[in-house]
Amino acid sequence: MGADIDIGVTGGNAPVAIDLEELLATRLLVQGNSGSGKSHLLRRILEQSAGRVQQVVIDPEGDYVSLAEKYGHVALDAADCEAELATIAARVRRHRVSVVLNLEGLEVDGQLRCAAAFLNALFEADRECWFPALVVVDEAQLFAPAASADASDEARRLSLAAMTNLMCRGRKRGLAGIIATQRLAKLAKNVAAEASNFLMGRTFLDIDMARAADLLGMERRQAEAFRDLQRGSFIGLGPAISRRPLNVRVGDVETSDRGGAPKLLPLPEAAESEDLQDLLFARVEMPAPPPRAPRQKAPDVLARIEEIARPAFVAPPPPELTDGQREAAIDEIIATMLLDDAASFKPLLELHRDFLVRCRIRRLGSAVPDLNAFRLRLTIARACAAMPEGADEDLWGRAVEVAARLPVDLQGVFLLLARAAATRNPCPADDEIARFFGSHSPGRARRVLAQLEQLDVIIPRGDGKQPRVIAFPDLDAETASGVEAA
């Protein structure tokens, strides 16, 4: 049994597939304005993977209950079994049953509380029940809002915590989050940032286009492409989809929801105004309402879950990396980035975005350096790039400790000077110092040296002519003079 699922074609009609095993380990974020085909995409993924992996759908509008008839999902009406949701979720994990949690009959507060209770119970299942499962959350901005919403603070806090657990810590438990939102700006950043795969559809607001472009590693001027996407077309990126941004046109689905875009219908033929008045104000005799079909009670749902056969097993996600393996991978990524000569002159934010994308592709998880930590590691890697054999490693280690206490914009130049001392070389010239931190101005290099001197971490010695001698009070060392180097 293959692990790929077909989701559509490219602009050139080449097939596009999602690696299901990779998706289980790396999660997926879908964005698209209303009418962009976001729900159609989720339905395509669910239909193509049905029977191959367990599926749990958090459905705020009741759009996915149609999966039950064709694919055997159990449709749970949260309004009927709210008190038993935790018990049902535990049995869902144990018996690996695909379910759709329909929240349509609840107010916003109730939807958030029920979703939180159900997700938390999935997350807290016993270790022997940590089977792989796709957890699809439509309209994720309702359950993980970036700011205060219409619901109470308590319900919002519970729901946000459950969504954070799903996206940040669910992978070890086999839970692979697939979240869809109309507005990235309304979705909590710590939830969106944990996804490594992205399918971005049509959107028109600048803030959403900018965030989508950042997540895909695109330049800001390329963000306009999201306005030109057709309904059902997305730009995909991620280890489970493509290593480069890829245009995807989603294929057809076999089931349908109860919504859909409204269609134009011809108006009835006009009648005389008096006839219309009689029609509107005539006495209406309301017929007796038809008897309502009894809703499925919680015990019936639990019994049905016990009877349903388990889906075929998909290979579990790869094991967690050790700290040493993760650090080695991060060092390798930074070293690869430094092979590009243009990297010295790229803005730090652009370099950090490129670094985060490379970390997602390598599946390093969320424990990667933030902007400041990345800056220091990049600076150290640059300084070490030309470190010859026989350098004073003890001196260099103490220099790194001193650099970590300096302002971030001075760390690079200090380490460059310390490298010269550790390798018994002269102080670099002003133009070499400027080039090291991405500038063409020797005057800026001299200003940075003056700032380091004011902090008493370096003391220039001699008449000021180049090559100068730099002493390091904290390191008990200095760079070589021109005569010594010769």
# chains A, B, ... in the order shown; residues from 1 in each chain; ligands from 1

$ residues_around --residues "Arg419 (chain A)" --least-positions-apart "4" --cutoff "7 Å" --atoms "only C-alpha atoms" --output "number ranges by chain"
A: 383, 396, 415, 423

$ write_last_selection --atoms "N, CA and C atoms" --output "PDB file, in the first residue's frame"
ATOM      1  N   ALA A 383      32.532  33.313  11.680  1.00  0.00           N
ATOM      2  CA  ALA A 383      33.878  33.515  12.216  1.00  0.00           C
ATOM      3  C   ALA A 383      34.689  32.225  12.165  1.00  0.00           C
ATOM      4  N   TRP A 396      39.392  30.786  21.939  1.00  0.00           N
ATOM      5  CA  TRP A 396      38.180  30.967  21.126  1.00  0.00           C
ATOM      6  C   TRP A 396      36.915  30.675  21.941  1.00  0.00           C
ATOM      7  N   LEU A 415      33.978  38.749  17.369  1.00  0.00           N
ATOM      8  CA  LEU A 415      34.446  37.393  17.094  1.00  0.00           C
ATOM      9  C   LEU A 415      35.441  37.367  15.932  1.00  0.00           C
ATOM     10  N   THR A 423      44.226  32.747  16.141  1.00  0.00           N
ATOM     11  CA  THR A 423      45.051  32.146  15.082  1.00  0.00           C
ATOM     12  C   THR A 423      46.388  32.870  14.905  1.00  0.00           C
TER      13      THR A 423
END

$ residues_around --residues "region 206-216 of chain A" --least-positions-apart "5" --cutoff "8 Å" --atoms "only C-alpha atoms" --output "PyMOL selection string"
chain A and resi 183-185+198+200+222-224+226+237+245+353+357

$ atom_distance --atom1 "CA of Phe472 (chain A)" --atom2 "CA of Pro428 (chain A)"
14.9 Å

$ atom_distance --atom1 "CA of Tyr64 (chain A)" --atom2 "CA of Asp252 (chain A)"
15.5 Å

$ atom_distance --atom1 "CA of Thr479 (chain A)" --atom2 "CA of Arg375 (chain A)"
24.8 Å

$ residues_around --residues "Ala90 (chain A)" --least-positions-apart "2" --cutoff "12 Å" --atoms "only C-alpha atoms" --output "PyMOL selection string"
chain A and resi 84-88+92-97+117-130+302+305-306

$ write_last_selection --atoms "C-alpha atoms" --output "CSV table (one decimal), in the first residue's frame"
chain,number,residue,atom,x,y,z
A,84,GLU,CA,-19.8,12.0,27.3
A,85,LEU,CA,-17.3,13.6,24.8
A,86,ALA,CA,-14.2,12.7,26.9
A,87,THR,CA,-15.3,9.1,27.2
A,88,ILE,CA,-16.1,8.9,23.5
A,92,VAL,CA,-12.1,6.7,19.5
A,93,ARG,CA,-8.4,6.5,20.1
A,94,ARG,CA,-8.4,3.0,21.5
A,95,HIS,CA,-10.5,1.5,18.6
A,96,ARG,CA,-9.1,3.8,15.9
A,97,VAL,CA,-12.5,4.9,14.6
A,117,ALA,CA,-12.8,18.6,25.7
A,118,PHE,CA,-12.6,16.3,22.7
A,119,LEU,CA,-9.1,17.3,21.6
A,120,ASN,CA,-7.8,17.1,25.2
A,121,ALA,CA,-9.2,13.6,25.6
A,122,LEU,CA,-7.5,12.6,22.3
A,123,PHE,CA,-4.3,14.1,23.5
A,124,GLU,CA,-4.4,12.5,27.0
A,125,ALA,CA,-5.1,8.9,25.8
A,126,ASP,CA,-2.9,6.1,27.2
A,127,ARG,CA,0.4,5.5,25.5
A,128,GLU,CA,-0.7,2.2,24.0
A,129,CYS,CA,-3.4,4.1,22.1
A,130,TRP,CA,-1.0,6.5,20.4
A,302,LEU,CA,-20.4,4.3,22.0
A,305,ILE,CA,-17.7,2.8,17.9
A,306,GLU,CA,-17.0,-0.6,19.6

$ select_by_dssp --residues "region 199-239 of chain A" --states "helix (DSSP H, G or I)" --output "list in words"
Asp206, Ile207, Asp208, Met209, Ala210, Arg211, Ala212, Ala213, Asp214, Leu215, Arg220, Arg221, Gln222, Ala223, Glu224, Ala225, Phe226, Arg227 and Asp228 of chain A

$ closest_residue --among "A:Val9, A:Leu46, A:Leu229, A:Ala288" --to "Asn33 (chain A)" --atoms "only C-alpha atoms"
A:Leu229

$ closest_residue --among "A:Asp431, A:Glu154, A:Glu107, A:Asp474" --to "Ala403 (chain A)" --atoms "only C-alpha atoms"
A:Asp474

$ residues_around --residues "Ser49 (chain A)" --least-positions-apart "6" --cutoff "9 Å" --atoms "only C-alpha atoms" --output "number ranges by chain"
A: 4-5, 20, 55

$ residues_around --residues "Ser196 (chain A)" --least-positions-apart "4" --cutoff "6 Å" --atoms "only C-alpha atoms" --output "PyMOL selection string"
chain A and resi 26-27+238+360

$ write_last_selection --atoms "N, CA and C atoms" --output "PDB file, in the first residue's frame"
ATOM      1  N   THR A  26       4.479  16.019  10.064  1.00  0.00           N
ATOM      2  CA  THR A  26       4.826  17.436   9.857  1.00  0.00           C
ATOM      3  C   THR A  26       3.649  18.396   9.856  1.00  0.00           C
ATOM      4  N   ARG A  27       2.402  17.929   9.864  1.00  0.00           N
ATOM      5  CA  ARG A  27       1.227  18.784  10.000  1.00  0.00           C
ATOM      6  C   ARG A  27       1.011  19.682   8.773  1.00  0.00           C
ATOM      7  N   GLY A 238       6.187  22.238   1.361  1.00  0.00           N
ATOM      8  CA  GLY A 238       6.433  21.472   2.575  1.00  0.00           C
ATOM      9  C   GLY A 238       7.000  20.102   2.256  1.00  0.00           C
ATOM     10  N   ARG A 360      12.123  23.263   8.834  1.00  0.00           N
ATOM     11  CA  ARG A 360      10.873  22.520   8.640  1.00  0.00           C
ATOM     12  C   ARG A 360      11.081  21.357   7.675  1.00  0.00           C
TER      13      ARG A 360
END

$ select_by_dssp --residues "region 63-218 of chain A" --states "strand (DSSP E)" --output "number ranges by chain"
A: 74-77, 99-102, 133-137, 175-181, 197-200

$ residues_around --residues "Arg43 (chain A)" --least-positions-apart "5" --cutoff "12 Å" --atoms "only C-alpha atoms" --output "ChimeraX atom specification"
/A:7,37-38,48-50,55,57,59,63-67,71,136-138,178,180,232,250-257

$ closest_residue --among "A:Ala225, A:Ala429, A:Ala329, A:Val16" --to "Cys359 (chain A)" --atoms "only C-alpha atoms"
A:Ala329

$ residues_around --residues "Leu158 (chain A)" --least-positions-apart "2" --cutoff "8 Å" --atoms "only C-alpha atoms" --output "VMD selection string"
chain A and resid 112 to 113 116 154 to 156 160 to 162

$ write_last_selection --atoms "N, CA and C atoms" --output "compact mmCIF listing (two decimals), in the first residue's frame"
# COMPACT_ATOMS: atom_id res chain seq x y z
N LEU A 112 -16.49 25.93 21.43
CA LEU A 112 -15.11 25.97 21.91
C LEU A 112 -14.90 25.00 23.06
N ARG A 113 -15.85 24.92 23.99
CA ARG A 113 -15.70 24.01 25.13
C ARG A 113 -15.72 22.54 24.68
N ALA A 116 -12.51 21.70 22.82
CA ALA A 116 -11.40 21.58 23.77
C ALA A 116 -11.47 20.26 24.53
N GLU A 154 -12.72 32.20 29.31
CA GLU A 154 -12.41 30.84 29.77
C GLU A 154 -12.51 29.84 28.63
N ALA A 155 -13.60 29.93 27.83
CA ALA A 155 -13.77 29.00 26.71
C ALA A 155 -12.67 29.20 25.68
N ARG A 156 -12.31 30.45 25.42
CA ARG A 156 -11.25 30.72 24.45
C ARG A 156 -9.91 30.17 24.95
N LEU A 160 -7.86 27.32 22.95
CA LEU A 160 -6.53 27.67 22.46
C LEU A 160 -5.48 26.71 23.01
N ALA A 161 -5.60 26.34 24.29
CA ALA A 161 -4.65 25.39 24.89
C ALA A 161 -4.74 24.04 24.21
N ALA A 162 -5.96 23.58 23.90
CA ALA A 162 -6.12 22.28 23.23
C ALA A 162 -5.53 22.31 21.82
